[in-house]
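Chemist: Pasting run-v4.tsv here (TSV, C-alpha atoms and all ligand atoms):
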chain	number	residue	atom	x	y	z
A	1	MET	CA	3.77	-17.04	19.03
A	2	ILE	CA	4.23	-13.43	20.09
A	3	GLU	CA	4.53	-12.90	23.81
A	4	THR	CA	1.90	-10.26	24.50
A	5	THR	CA	3.39	-8.42	27.43
A	6	THR	CA	1.60	-5.62	29.27
A	7	ALA	CA	4.68	-3.48	28.59
A	8	ALA	CA	4.28	-3.90	24.81
A	9	ILE	CA	0.65	-2.75	24.76
A	10	SER	CA	1.21	0.04	27.26
A	11	PHE	CA	3.92	1.49	24.98
A	12	TRP	CA	1.37	1.89	22.17
A	13	GLN	CA	-1.58	2.74	24.43
A	14	GLU	CA	0.39	5.75	25.74
A	15	ARG	CA	0.53	7.08	22.19
A	16	TYR	CA	-3.06	6.25	21.20
A	17	THR	CA	-6.03	8.31	22.41
A	18	ARG	CA	-8.71	5.58	22.60
A	19	PRO	CA	-8.75	2.54	24.92
A	20	LEU	CA	-7.40	-0.60	23.24
A	21	MET	CA	-8.60	-4.16	23.76
A	22	ASP	CA	-7.02	-7.47	22.83
A	23	LEU	CA	-9.04	-9.04	19.98
A	24	GLY	CA	-8.07	-12.46	21.29
A	25	ALA	CA	-9.60	-11.84	24.72
A	26	ALA	CA	-12.67	-13.87	23.74
A	27	GLY	CA	-10.46	-16.93	23.19
A	28	ASP	CA	-9.41	-16.90	19.51
A	29	ALA	CA	-5.69	-17.70	19.75
A	30	ASN	CA	-5.08	-16.40	16.18
A	31	LEU	CA	-6.10	-12.93	17.31
A	32	GLN	CA	-4.33	-12.89	20.66
A	33	GLY	CA	-1.94	-9.95	20.87
A	34	ILE	CA	-3.76	-7.99	18.15
A	35	PHE	CA	-5.18	-4.82	19.71
A	36	SER	CA	-8.11	-2.72	18.57
A	37	PRO	CA	-10.15	0.31	19.62
A	38	GLY	CA	-13.19	-1.73	18.40
A	39	TYR	CA	-14.65	-1.45	14.88
A	40	ASP	CA	-18.11	-2.47	13.72
A	41	ALA	CA	-18.52	-4.74	10.69
A	42	THR	CA	-20.00	-1.90	8.58
A	43	THR	CA	-16.91	0.26	8.95
A	44	VAL	CA	-14.59	-2.63	8.10
A	45	GLY	CA	-16.82	-3.67	5.17
A	46	GLN	CA	-16.50	-0.23	3.49
A	47	TYR	CA	-12.80	-0.80	2.95
A	48	VAL	CA	-11.98	-4.44	3.24
A	49	GLN	CA	-13.63	-6.99	0.96
A	50	ALA	CA	-13.18	-10.74	0.59
A	51	GLN	CA	-9.61	-10.58	-0.76
A	52	PHE	CA	-8.36	-9.17	2.57
A	53	MET	CA	-10.77	-11.22	4.69
A	54	GLN	CA	-11.93	-14.76	3.99
A	55	GLU	CA	-9.75	-14.99	0.85
A	56	ALA	CA	-6.74	-13.41	2.56
A	57	GLU	CA	-4.61	-16.55	2.39
A	58	GLY	CA	-4.65	-16.54	-1.44
A	59	TYR	CA	-3.86	-12.82	-1.52
A	60	VAL	CA	-0.96	-13.23	0.90
A	61	SER	CA	0.67	-16.05	-1.06
A	62	ARG	CA	0.22	-14.23	-4.40
A	63	TYR	CA	1.69	-10.93	-3.24
A	64	ALA	CA	4.29	-11.97	-0.63
A	65	ASN	CA	7.56	-10.34	-1.74
A	66	THR	CA	9.54	-8.83	1.11
A	67	ALA	CA	12.73	-8.56	-1.00
A	68	TYR	CA	10.92	-6.27	-3.46
A	69	TRP	CA	9.53	-4.09	-0.65
A	70	HIS	CA	12.91	-4.02	1.08
A	71	ALA	CA	14.45	-2.57	-2.10
A	72	LEU	CA	11.61	-0.03	-2.46
A	73	LEU	CA	12.04	1.14	1.13
A	74	VAL	CA	15.83	1.44	0.85
A	75	ARG	CA	15.48	3.59	-2.28
A	76	ALA	CA	12.82	5.75	-0.62
A	77	PHE	CA	15.00	6.29	2.48
A	78	GLU	CA	17.96	7.23	0.27
A	79	THR	CA	15.79	9.67	-1.69
A	80	ALA	CA	14.44	11.17	1.54
A	81	GLY	CA	17.95	11.44	3.02
A	82	LEU	CA	16.72	9.27	5.89
A	83	ARG	CA	19.48	7.12	7.38
A	84	PRO	CA	18.06	4.30	9.53
A	85	ALA	CA	21.31	4.14	11.53
A	86	GLU	CA	20.64	7.69	12.74
A	87	HIS	CA	17.29	6.65	14.24
A	88	PRO	CA	18.25	3.77	16.54
A	89	ARG	CA	15.25	4.33	18.84
A	90	GLY	CA	12.81	5.42	16.15
A	91	ILE	CA	9.07	4.94	16.52
A	92	ILE	CA	7.45	3.81	13.30
A	93	LEU	CA	3.82	3.38	12.23
A	94	ASP	CA	3.02	1.27	9.18
A	95	LEU	CA	-0.49	1.62	7.70
A	96	GLY	CA	-2.33	-1.19	5.89
A	97	SER	CA	0.48	-3.58	6.82
A	98	GLY	CA	-1.24	-6.69	5.49
A	99	ALA	CA	0.84	-9.80	6.07
A	100	GLY	CA	4.21	-8.08	6.42
A	101	ASN	CA	5.73	-7.01	3.07
A	102	THR	CA	6.76	-3.68	4.58
A	103	ILE	CA	6.92	-4.67	8.26
A	104	LEU	CA	9.61	-7.35	7.95
A	105	PRO	CA	12.01	-5.05	6.03
A	106	LEU	CA	11.27	-2.16	8.44
A	107	LEU	CA	12.16	-4.32	11.44
A	108	GLU	CA	15.37	-5.36	9.69
A	109	LEU	CA	16.37	-1.87	8.49
A	110	PHE	CA	15.66	-0.30	11.92
A	111	PRO	CA	17.02	-2.99	14.25
A	112	SER	CA	16.21	-1.14	17.50
A	113	ALA	CA	13.08	0.76	16.49
A	114	GLN	CA	9.59	0.16	17.86
A	115	VAL	CA	7.30	-0.60	14.93
A	116	LEU	CA	3.50	-0.52	15.01
A	117	ALA	CA	1.94	-2.65	12.28
A	118	SER	CA	-1.67	-1.74	11.55
A	119	ASP	CA	-4.47	-2.83	9.28
A	120	LEU	CA	-8.25	-2.63	9.33
A	121	SER	CA	-8.42	-6.36	8.55
A	122	ALA	CA	-7.75	-8.36	11.71
A	123	MET	CA	-7.39	-11.38	9.44
A	124	MET	CA	-4.43	-9.85	7.61
A	125	LEU	CA	-2.86	-9.00	10.97
A	126	ALA	CA	-3.32	-12.63	12.05
A	127	PHE	CA	-1.20	-13.67	9.02
A	128	LEU	CA	1.38	-11.06	9.96
A	129	LYS	CA	1.41	-12.32	13.54
A	130	ARG	CA	2.16	-15.81	12.23
A	131	ALA	CA	5.03	-14.50	10.06
A	132	LEU	CA	6.47	-12.49	12.96
A	133	GLY	CA	6.25	-15.43	15.29
A	134	ARG	CA	9.31	-16.89	13.57
A	135	THR	CA	11.47	-13.78	14.01
A	136	GLN	CA	13.45	-12.24	16.90
A	137	ALA	CA	11.98	-8.87	16.05
A	138	ALA	CA	8.43	-9.75	17.12
A	139	ALA	CA	8.95	-8.19	20.55
A	140	ARG	CA	9.51	-4.78	18.90
A	141	CYS	CA	6.38	-4.97	16.78
A	142	GLY	CA	2.88	-4.01	17.96
A	143	LEU	CA	-0.20	-5.19	16.08
A	144	LEU	CA	-3.14	-2.80	15.86
A	145	GLN	CA	-6.45	-3.01	14.05
A	146	LEU	CA	-6.66	0.54	12.72
A	147	ASN	CA	-8.60	2.46	10.10
A	148	ALA	CA	-5.89	4.43	8.31
A	149	GLU	CA	-8.35	7.32	7.92
A	150	ALA	CA	-8.58	7.84	11.69
A	151	LEU	CA	-5.09	8.22	13.12
A	152	ASP	CA	-6.17	8.79	16.73
A	153	PHE	CA	-2.67	9.11	18.14
A	154	HIS	CA	-1.27	11.94	20.23
A	155	PRO	CA	0.45	14.68	18.20
A	156	ALA	CA	4.11	14.16	17.26
A	157	SER	CA	4.14	10.46	18.18
A	158	PHE	CA	6.09	9.01	15.21
A	159	ASP	CA	9.44	9.49	13.49
A	160	LEU	CA	8.32	7.64	10.39
A	161	ILE	CA	5.01	6.54	8.88
A	162	THR	CA	4.93	4.10	5.96
A	163	GLY	CA	2.22	2.56	3.82
A	164	GLY	CA	2.64	0.06	1.00
A	165	ALA	CA	-0.31	0.15	-1.40
A	166	VAL	CA	-2.86	1.27	1.19
A	167	LEU	CA	-4.02	4.81	0.33
A	168	HIS	CA	-5.78	3.73	-2.87
A	169	HIS	CA	-8.09	1.52	-0.75
A	170	LEU	CA	-9.40	4.46	1.27
A	171	LEU	CA	-12.44	6.65	0.77
A	172	HIS	CA	-10.65	9.68	2.27
A	173	PRO	CA	-6.87	9.45	1.95
A	174	ASP	CA	-6.92	13.21	2.62
A	175	LEU	CA	-7.82	12.36	6.24
A	176	THR	CA	-4.83	10.03	6.43
A	177	LEU	CA	-2.46	12.69	5.16
A	178	ALA	CA	-3.92	15.26	7.57
A	179	GLY	CA	-3.42	12.71	10.37
A	180	CYS	CA	0.18	12.07	9.30
A	181	ALA	CA	0.94	15.80	9.40
A	182	ARG	CA	-0.35	15.87	12.98
A	183	ILE	CA	1.21	12.70	14.43
A	184	LEU	CA	4.63	12.95	12.79
A	185	LYS	CA	7.37	14.47	14.89
A	186	PRO	CA	9.00	17.58	13.40
A	187	GLY	CA	11.49	16.34	10.79
A	188	GLY	CA	9.56	13.06	10.45
A	189	HIS	CA	8.66	11.41	7.14
A	190	ALA	CA	5.57	9.70	5.74
A	191	ILE	CA	6.31	7.42	2.78
A	192	PHE	CA	3.69	5.76	0.58
A	193	PHE	CA	3.75	3.57	-2.52
A	194	GLU	CA	0.67	3.92	-4.72
A	195	PRO	CA	-0.75	3.48	-8.25
A	196	PHE	CA	-1.08	6.61	-10.42
A	197	GLU	CA	-3.48	7.56	-13.16
A	198	ASN	CA	-1.27	8.84	-15.96
A	199	GLY	CA	0.73	5.66	-16.64
A	200	ASN	CA	-2.19	3.33	-15.99
A	201	ALA	CA	-4.56	5.35	-18.19
A	202	LEU	CA	-2.06	5.04	-21.07
A	203	LEU	CA	-1.79	1.31	-20.45
A	204	ALA	CA	-5.59	1.04	-20.44
A	205	ARG	CA	-5.62	2.85	-23.84
A	206	VAL	CA	-3.14	0.46	-25.41
A	207	TYR	CA	-4.97	-2.58	-23.98
A	208	ALA	CA	-8.21	-1.19	-25.52
A	209	ASP	CA	-6.38	-0.84	-28.88
A	210	ILE	CA	-5.20	-4.44	-28.60
A	211	LEU	CA	-8.77	-5.63	-27.90
A	212	ARG	CA	-10.14	-3.61	-30.84
A	213	ARG	CA	-7.59	-4.80	-33.38
A	214	PRO	CA	-9.43	-6.47	-36.30
A	215	GLY	CA	-9.09	-10.26	-36.10
A	216	ALA	CA	-7.40	-10.07	-32.67
A	217	GLN	CA	-7.05	-13.57	-31.29
A	218	LEU	CA	-6.36	-13.11	-27.60
A	219	PRO	CA	-6.64	-15.88	-25.02
A	220	PRO	CA	-10.08	-15.32	-23.40
A	221	ASP	CA	-8.65	-14.79	-19.90
A	222	VAL	CA	-6.24	-12.12	-21.20
A	223	ALA	CA	-9.03	-10.39	-23.16
A	224	SER	CA	-11.22	-10.40	-20.06
A	225	PHE	CA	-8.34	-9.13	-17.89
A	226	PHE	CA	-7.65	-6.22	-20.29
A	227	ARG	CA	-11.36	-5.32	-20.45
A	228	HIS	CA	-11.62	-5.27	-16.66
A	229	PHE	CA	-8.38	-3.34	-16.32
A	230	ALA	CA	-9.58	-0.57	-18.65
A	231	ALA	CA	-12.98	-0.35	-16.89
A	232	ASP	CA	-11.34	-0.39	-13.45
A	233	ILE	CA	-8.87	2.41	-14.22
A	234	ASN	CA	-11.69	4.48	-15.70
A	235	LEU	CA	-13.80	4.03	-12.57
A	236	ARG	CA	-10.96	4.95	-10.20
A	237	LYS	CA	-10.19	8.27	-11.91
A	238	GLY	CA	-11.08	11.45	-10.06
A	239	ARG	CA	-11.52	12.50	-6.43
A	240	ASP	CA	-15.26	12.04	-5.90
A	241	LYS	CA	-15.82	8.65	-4.27
A	242	ARG	CA	-19.43	9.21	-3.14
A	243	ALA	CA	-20.96	6.74	-5.65
A	244	PRO	CA	-22.22	3.61	-3.80
A	245	ILE	CA	-19.91	1.36	-5.83
A	246	PHE	CA	-16.88	2.67	-3.92
A	247	GLN	CA	-18.24	1.10	-0.72
A	248	LYS	CA	-17.83	-2.28	-2.40
A	249	LEU	CA	-14.55	-1.76	-4.22
A	250	ASP	CA	-11.21	-2.61	-2.66
A	251	ASP	CA	-9.28	-0.44	-5.13
A	252	LYS	CA	-10.82	3.03	-5.12
A	253	TRP	CA	-8.12	5.41	-6.41
A	254	CYS	CA	-5.58	5.94	-9.14
A	255	PHE	CA	-3.77	9.04	-7.95
A	256	THR	CA	-2.36	12.13	-9.59
A	257	ARG	CA	0.76	14.02	-8.60
A	258	ARG	CA	-1.37	17.16	-8.13
A	259	TYR	CA	-3.56	15.47	-5.50
A	260	PHE	CA	-0.63	14.81	-3.17
A	261	GLN	CA	1.07	18.13	-3.88
A	262	GLU	CA	-2.11	20.05	-2.99
A	263	LEU	CA	-2.64	18.11	0.24
A	264	ALA	CA	1.01	18.41	1.22
A	265	GLY	CA	0.77	22.18	0.69
A	266	GLN	CA	-2.38	22.41	2.84
A	267	HIS	CA	-0.67	20.60	5.73
A	268	GLY	CA	2.71	22.29	5.47
A	269	LEU	CA	4.51	19.14	4.35
A	270	SER	CA	7.19	18.94	1.68
A	271	CYS	CA	6.38	16.44	-1.08
A	272	THR	CA	8.59	14.41	-3.41
A	273	ILE	CA	7.13	11.89	-5.87
A	274	TYR	CA	9.04	9.56	-8.17
A	275	PRO	CA	8.10	6.56	-10.32
A	276	LEU	CA	8.96	3.01	-9.31
A	277	HIS	CA	9.66	2.01	-12.94
A	278	THR	CA	12.89	2.49	-14.85
A	279	THR	CA	12.91	4.44	-18.12
A	280	GLU	CA	13.58	1.26	-20.09
A	281	ASN	CA	10.28	-0.01	-21.55
A	282	PRO	CA	8.10	0.78	-18.51
A	283	PHE	CA	4.81	-0.20	-20.20
A	284	GLU	CA	6.16	-3.53	-21.43
A	285	LYS	CA	7.60	-4.34	-17.99
A	286	GLN	CA	4.44	-3.29	-16.16
A	287	THR	CA	2.35	-5.47	-18.49
A	288	GLU	CA	4.59	-8.42	-17.61
A	289	VAL	CA	3.91	-7.71	-13.92
A	290	TYR	CA	0.14	-7.45	-14.48
A	291	LEU	CA	0.06	-10.72	-16.46
A	292	ARG	CA	2.05	-12.50	-13.77
A	293	ILE	CA	0.12	-11.18	-10.78
A	294	GLY	CA	-3.30	-11.01	-12.42
A	295	LEU	CA	-3.26	-14.25	-14.39
A	296	GLY	CA	-0.16	-16.20	-13.35
A	297	LYS	CA	1.09	-15.93	-16.96
A	298	ASP	CA	4.47	-15.08	-18.44
A	299	ARG	CA	5.17	-13.12	-21.67
A	300	THR	CA	3.89	-15.95	-23.82
A	301	GLY	CA	0.38	-15.09	-22.58
A	302	LEU	CA	0.31	-12.28	-25.17
A	303	PRO	CA	0.92	-12.66	-28.93
A	304	ASP	CA	3.92	-10.87	-30.49
A	305	TRP	CA	1.78	-8.29	-32.32
A	306	ALA	CA	0.29	-7.17	-28.98
A	307	TRP	CA	3.77	-6.76	-27.45
A	308	GLU	CA	4.67	-4.73	-30.55
A	309	LEU	CA	1.80	-2.28	-29.82
A	310	ILE	CA	2.89	-1.95	-26.18
A	311	ARG	CA	6.51	-1.33	-27.26
A	312	GLU	CA	5.27	1.38	-29.63
A	313	LEU	CA	3.80	3.14	-26.61
A	314	ASP	CA	7.13	2.80	-24.80
A	315	GLY	CA	8.87	4.23	-27.87
A	316	ALA	CA	6.53	7.22	-28.09
A	317	PHE	CA	8.14	9.09	-25.17
A	318	SER	CA	11.55	10.50	-24.35
A	319	ASP	CA	13.44	9.17	-21.32
A	320	ASP	CA	12.74	12.51	-19.64
A	321	LEU	CA	9.01	12.07	-20.03
A	322	LYS	CA	9.20	8.42	-18.94
A	323	ALA	CA	10.91	9.62	-15.76
A	324	ASP	CA	7.99	12.05	-15.19
A	325	LEU	CA	5.41	9.36	-15.89
A	326	LEU	CA	3.89	7.53	-12.95
A	327	ILE	CA	2.48	4.02	-13.21
A	328	GLU	CA	3.26	3.21	-9.59
A	329	GLY	CA	5.01	5.84	-7.56
A	330	CYS	CA	6.59	6.64	-4.22
A	331	ILE	CA	5.31	9.67	-2.31
A	332	ILE	CA	7.62	11.13	0.32
A	333	LEU	CA	6.14	13.71	2.69
A	334	ARG	CA	8.22	15.47	5.32
A	335	ARG	CA	7.12	17.53	8.26
A	336	PRO	CA	9.55	20.46	8.57
B	1	LIG	C1	-2.72	-4.04	-1.13
B	1	LIG	S1	-2.72	-4.52	0.54
B	1	LIG	C2	-1.08	-4.08	1.01
B	1	LIG	C3	-0.57	-4.83	2.20
B	1	LIG	C4	0.91	-4.58	2.53
B	1	LIG	N1	1.16	-3.18	2.83
B	1	LIG	C5	1.77	-5.05	1.41
B	1	LIG	O1	2.44	-4.20	0.81
B	1	LIG	O2	1.77	-6.24	1.13
B	1	LIG	C6	-3.71	-3.28	1.30
B	1	LIG	C7	-3.96	-3.48	2.79
B	1	LIG	O3	-4.68	-2.34	3.25
B	1	LIG	C8	-5.67	-2.79	4.17
B	1	LIG	N2	-6.71	-1.77	4.27
B	1	LIG	C9	-7.72	-1.51	3.42
B	1	LIG	N3	-8.46	-0.48	3.86
B	1	LIG	C10	-7.88	-0.06	5.01
B	1	LIG	C11	-8.20	0.97	5.95
B	1	LIG	N4	-9.25	1.77	5.80
B	1	LIG	N5	-7.37	1.12	7.00
B	1	LIG	C12	-6.31	0.32	7.19
B	1	LIG	N6	-5.98	-0.70	6.35
B	1	LIG	C13	-6.77	-0.88	5.27
B	1	LIG	C14	-6.12	-4.13	3.63
B	1	LIG	O4	-6.73	-4.93	4.61
B	1	LIG	C15	-4.81	-4.70	3.10
B	1	LIG	O5	-4.15	-5.48	4.07
As structure tokens - that is how I would like this structure written.
Ligand SMILES: C[S@@+](CC[C@H](N)C(=O)[O-])C[C@H]1O[C@@H](n2cnc3c(N)ncnc32)[C@H](O)[C@@H]1O
Modeler:
Amino acid sequence: MIETTTAAISFWQERYTRPLMDLGAAGDANLQGIFSPGYDATTVGQYVQAQFMQEAEGYVSRYANTAYWHALLVRAFETAGLRPAEHPRGIILDLGSGAGNTILPLLELFPSAQVLASDLSAMMLAFLKRALGRTQAAARCGLLQLNAEALDFHPASFDLITGGAVLHHLLHPDLTLAGCARILKPGGHAIFFEPFENGNALLARVYADILRRPGAQLPPDVASFFRHFAADINLRKGRDKRAPIFQKLDDKWCFTRRYFQELAGQHGLSCTIYPLHTTENPFEKQTEVYLRIGLGKDRTGLPDWAWELIRELDGAFSDDLKADLLIEGCIILRRP
């Protein structure tokens, strides 16, 4: 259990502009020590569906991989020229923290920093609280129910803002980036990891080719997964999210490089984006990941001829172009 001291909440309350209350005040021990400015169910429901609420436990066990996120963060810090040892008393905000994939590595990499974990789903934060309860670092970690689109903190409050796979759930990630530009200290970084359109649209094309192949004998769950994938990527293209369906979709965006570069320019931030994949067979490797996470299957879930088509796509591009391609990417923004 986290000790919820008055000192811990006052540290974060000083930096936040709205009054915070303890969600556990009404007696739910799972929520004790999780603070919130107070959100109504409609606001939460626009962003957070069953997978991050009543089905959160299944999501957490399927996606828990702190070693992977640790490696992603280390590479991002190296790319940004950010040396954790030089920020011993850093103040860090993590957005859409979920159950701790980014928080646990952040607490380890910045052993004296104050870290604020945040998520709009109090249920996800309750899982994070449980995970933190077993670590020494819990005393340095605040837990805040927060809509990442409304960063109501005082200006220049944070040295570092991170977000692992959160922006693509938002209706207005532009508001988040504007907020980051405001609440970062000069010289501070905001680092996000997100899905991108160009690589995923190519994957959707090759999956459609696989489905269309005459006499294709795909396992029904794989065929259905590919069909949904292609439809999902198609839906998430573009910047206009006003259609009612986006109020019910967890995954709303597949980003482009241009989107972040334009926003960074508007807010005076520098912007670096690089792919998370290596240049060696990125489409084949990403398909393995999708099969494993989406269906719990290994390579044998797809017939050899289908792998051959995916490898042809990998072979169609030079290493240079594969290094430009983004399936999932890291976005590093810096306030000068
Ligand atoms: C894909 S999960 C990522 C969780 C964690 N960062 C990780 O890497 O495992 C996305 C998280 O964003 C949260 N989320 C969705 N919409 C949000 C919003 N508007 N504000 C804050 N968090 C949000 C979800 O509840 C969920 O925990």
Chemist: In terms of the shortest atom-to-atom distance over all atoms listed in the file, which of A:Asp320, A:Glu14, A:Glu262, A:Glu57 is closest to Pro155 in chain A?
Modeler: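 For Pro155 in chain A, the nearest of the candidates is A:Glu14.
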Chemist: Within 9 Å of Met123 in chain A, counting all atoms listed in the file, which residues qualify if same-chain residues fewer than 2 places away don't, as a list in words?
Modeler: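 Final neighbour list, sorted by chain and number: Asn30, Leu31, Phe52, Met53, Gln54, Ala56, Gly98, Leu120, Ser121, Leu125, Ala126, Phe127 and Leu128 of chain A.
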Chemist: Between CA of Gly81 in chain A and CA of His172 in chain A, what is the spacing in Å?
Modeler: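 So the two atoms, CA of His172 in chain A and CA of Gly81 in chain A, lie 28.7 Å apart.
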Chemist: Excluding Leu151 in chain A and residues on its chain fewer than 2 positions from it, collect all residues at most 10 Å away from it, counting all atoms listed in the file, and give them as a ChimeraX atom specification.
Modeler: /A:16-17,95,146-149,153-155,175-180,182-183
Chemist: Taking into account only C-alpha atoms, which residue in the set A:Ala67, A:Leu276, A:Leu302, A:Ile9 is nearest to Gln217 in chain A?
Modeler: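 The answer is A:Leu302, which sits nearest to Gln217 in chain A.
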Chemist: Do you know which residues are at most 12 Å from range 233-236 of chain A counting only C-alpha atoms, after dropping those on the same chain fewer than 3 positions away, and could you put them as a VMD selection string?
Modeler: chain A and resid 168 to 171 195 to 205 207 to 208 226 to 230 239 to 243 245 to 246 249 to 256 327
Chemist: Any chance you can output those residues with C-alpha atoms as a short mmCIF file (atom, residue, chain, number, x, y, z; two decimals), keeping the file's coordinate frame?
Modeler:
data_model
loop_
_atom_site.label_atom_id
_atom_site.label_comp_id
_atom_site.auth_asym_id
_atom_site.auth_seq_id
_atom_site.Cartn_x
_atom_site.Cartn_y
_atom_site.Cartn_z
CA HIS A 168 -5.78 3.73 -2.87
CA HIS A 169 -8.09 1.52 -0.75
CA LEU A 170 -9.40 4.46 1.27
CA LEU A 171 -12.44 6.65 0.77
CA PRO A 195 -0.75 3.48 -8.25
CA PHE A 196 -1.08 6.61 -10.42
CA GLU A 197 -3.48 7.56 -13.16
CA ASN A 198 -1.27 8.84 -15.96
CA GLY A 199 0.73 5.66 -16.64
CA ASN A 200 -2.19 3.33 -15.99
CA ALA A 201 -4.56 5.35 -18.19
CA LEU A 202 -2.06 5.04 -21.07
CA LEU A 203 -1.79 1.31 -20.45
CA ALA A 204 -5.59 1.04 -20.44
CA ARG A 205 -5.62 2.85 -23.84
CA TYR A 207 -4.97 -2.58 -23.98
CA ALA A 208 -8.21 -1.19 -25.52
CA PHE A 226 -7.65 -6.22 -20.29
CA ARG A 227 -11.36 -5.32 -20.45
CA HIS A 228 -11.62 -5.27 -16.66
CA PHE A 229 -8.38 -3.34 -16.32
CA ALA A 230 -9.58 -0.57 -18.65
CA ARG A 239 -11.52 12.50 -6.43
CA ASP A 240 -15.26 12.04 -5.90
CA LYS A 241 -15.82 8.65 -4.27
CA ARG A 242 -19.43 9.21 -3.14
CA ALA A 243 -20.96 6.74 -5.65
CA ILE A 245 -19.91 1.36 -5.83
CA PHE A 246 -16.88 2.67 -3.92
CA LEU A 249 -14.55 -1.76 -4.22
CA ASP A 250 -11.21 -2.61 -2.66
CA ASP A 251 -9.28 -0.44 -5.13
CA LYS A 252 -10.82 3.03 -5.12
CA TRP A 253 -8.12 5.41 -6.41
CA CYS A 254 -5.58 5.94 -9.14
CA PHE A 255 -3.77 9.04 -7.95
CA THR A 256 -2.36 12.13 -9.59
CA ILE A 327 2.48 4.02 -13.21
#
Chemist: Excluding same-chain residues fewer than 3 positions from Pro19 in chain A, what lies within 9 Å of it counting all atoms listed in the file, as a list of chain:residue names?
Modeler: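 Near neighbours after the sequence-gap exclusion: A:Gln13, A:Tyr16, A:Ser36, A:Pro37, A:Gly38.
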Chemist: Pick from A:Arg62, A:Ala113, A:Ala165, A:Gly133: nearest to ligand LIG 1 (chain B), with all atoms listed in the file counted?
Modeler: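 Among the listed residues, the smallest separation from ligand LIG 1 (chain B) belongs to A:Ala165.
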Chemist: Rank A:Lys322, A:Lys285, A:Pro336, A:Tyr274 by their smallest atom-to-atom distance to Thr79 in chain A, using all atoms listed in the file, and report the top residue only.
Modeler: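 Going through A:Lys322, A:Lys285, A:Pro336, A:Tyr274 one by one, the smallest distance to Thr79 in chain A is for A:Tyr274.
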Chemist: Between CA of Gly163 in chain A and CA of Asp324 in chain A, what is the distance in Å, rounded to a tenth?
Modeler: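 Between CA of Gly163 in chain A and CA of Asp324 in chain A the gap is 22.0 Å.
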Chemist: Measure the distance from atom C7 of ligand LIG 1 (chain B) to CA of Ala8 in chain A in Å and round it to one decimal.
Modeler: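 Computing it gives 23.5 Å between the two atoms.
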Chemist: So that I can check the surroundings of His189 in chain A, please list as an MDAnalysis selection string every protein, DNA and RNA residue that reaches within 9 Å of it, counting all atoms listed in the file and ignoring chain neighbours fewer than 2 positions away.
Modeler: chainID A and resid 80 82 158:162 180 184:187 191 332:335
Chemist: Taking into account all atoms listed in the file, which residue in the set A:Gly45, A:Pro220, A:Gly27, A:Pro173 is nearest to Lys248 in chain A?
Modeler: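 Closest to Lys248 in chain A of all the choices is A:Gly45.
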Chemist: From the list A:Gln247, A:Gln46, A:Gln261, A:Ser318, which residue is nearest ligand LIG 1 (chain B) when using all atoms listed in the file?
Modeler: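 Closest to ligand LIG 1 (chain B), using all atoms listed in the file: A:Gln46.
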Chemist: Given 6 Å on each side, where is the centre and what are the edge lengths in Å to one decimal of the axis-aligned box enclosing the listed atoms of ligand LIG 1 (chain B), as lines of an AutoDock Vina configuration file?
Modeler:
center_x = -3.4
center_y = -2.2
center_z = 3.0
size_x = 23.7
size_y = 20.0
size_z = 20.3
Chemist: Residues around (-0.8, -3.0, 6.3), cut-off 8 Å, counting all atoms listed in the file - what are they as a PyMOL selection string?
Modeler: chain A and resi 94-100+102+117-119+124-125+163-164+166
Chemist: Kindly complete range 313-322 of chain A to N, CA and C atoms; the output should be written as a PDB file, in the coordinates of the input.
Modeler:
ATOM      1  N   LEU A 313       4.121   2.137 -27.639  1.00  0.00           N
ATOM      2  CA  LEU A 313       3.800   3.140 -26.610  1.00  0.00           C
ATOM      3  C   LEU A 313       5.072   3.518 -25.844  1.00  0.00           C
ATOM      4  N   ASP A 314       5.861   2.516 -25.482  1.00  0.00           N
ATOM      5  CA  ASP A 314       7.130   2.800 -24.800  1.00  0.00           C
ATOM      6  C   ASP A 314       8.016   3.709 -25.647  1.00  0.00           C
ATOM      7  N   GLY A 315       7.990   3.475 -26.977  1.00  0.00           N
ATOM      8  CA  GLY A 315       8.870   4.230 -27.870  1.00  0.00           C
ATOM      9  C   GLY A 315       8.364   5.639 -28.157  1.00  0.00           C
ATOM     10  N   ALA A 316       7.129   5.922 -27.737  1.00  0.00           N
ATOM     11  CA  ALA A 316       6.530   7.220 -28.090  1.00  0.00           C
ATOM     12  C   ALA A 316       7.061   8.362 -27.224  1.00  0.00           C
ATOM     13  N   PHE A 317       7.756   8.036 -26.135  1.00  0.00           N
ATOM     14  CA  PHE A 317       8.140   9.090 -25.170  1.00  0.00           C
ATOM     15  C   PHE A 317       9.648   9.127 -24.957  1.00  0.00           C
ATOM     16  N   SER A 318      10.130  10.332 -24.679  1.00  0.00           N
ATOM     17  CA  SER A 318      11.550  10.500 -24.350  1.00  0.00           C
ATOM     18  C   SER A 318      11.818   9.901 -22.962  1.00  0.00           C
ATOM     19  N   ASP A 319      13.091   9.650 -22.664  1.00  0.00           N
ATOM     20  CA  ASP A 319      13.440   9.170 -21.320  1.00  0.00           C
ATOM     21  C   ASP A 319      13.020  10.178 -20.255  1.00  0.00           C
ATOM     22  N   ASP A 320      13.146  11.475 -20.597  1.00  0.00           N
ATOM     23  CA  ASP A 320      12.740  12.510 -19.640  1.00  0.00           C
ATOM     24  C   ASP A 320      11.266  12.360 -19.284  1.00  0.00           C
ATOM     25  N   LEU A 321      10.439  12.176 -20.317  1.00  0.00           N
ATOM     26  CA  LEU A 321       9.010  12.070 -20.030  1.00  0.00           C
ATOM     27  C   LEU A 321       8.705  10.766 -19.284  1.00  0.00           C
ATOM     28  N   LYS A 322       9.444   9.696 -19.654  1.00  0.00           N
ATOM     29  CA  LYS A 322       9.200   8.420 -18.940  1.00  0.00           C
ATOM     30  C   LYS A 322       9.578   8.546 -17.464  1.00  0.00           C
TER      31      LYS A 322
END
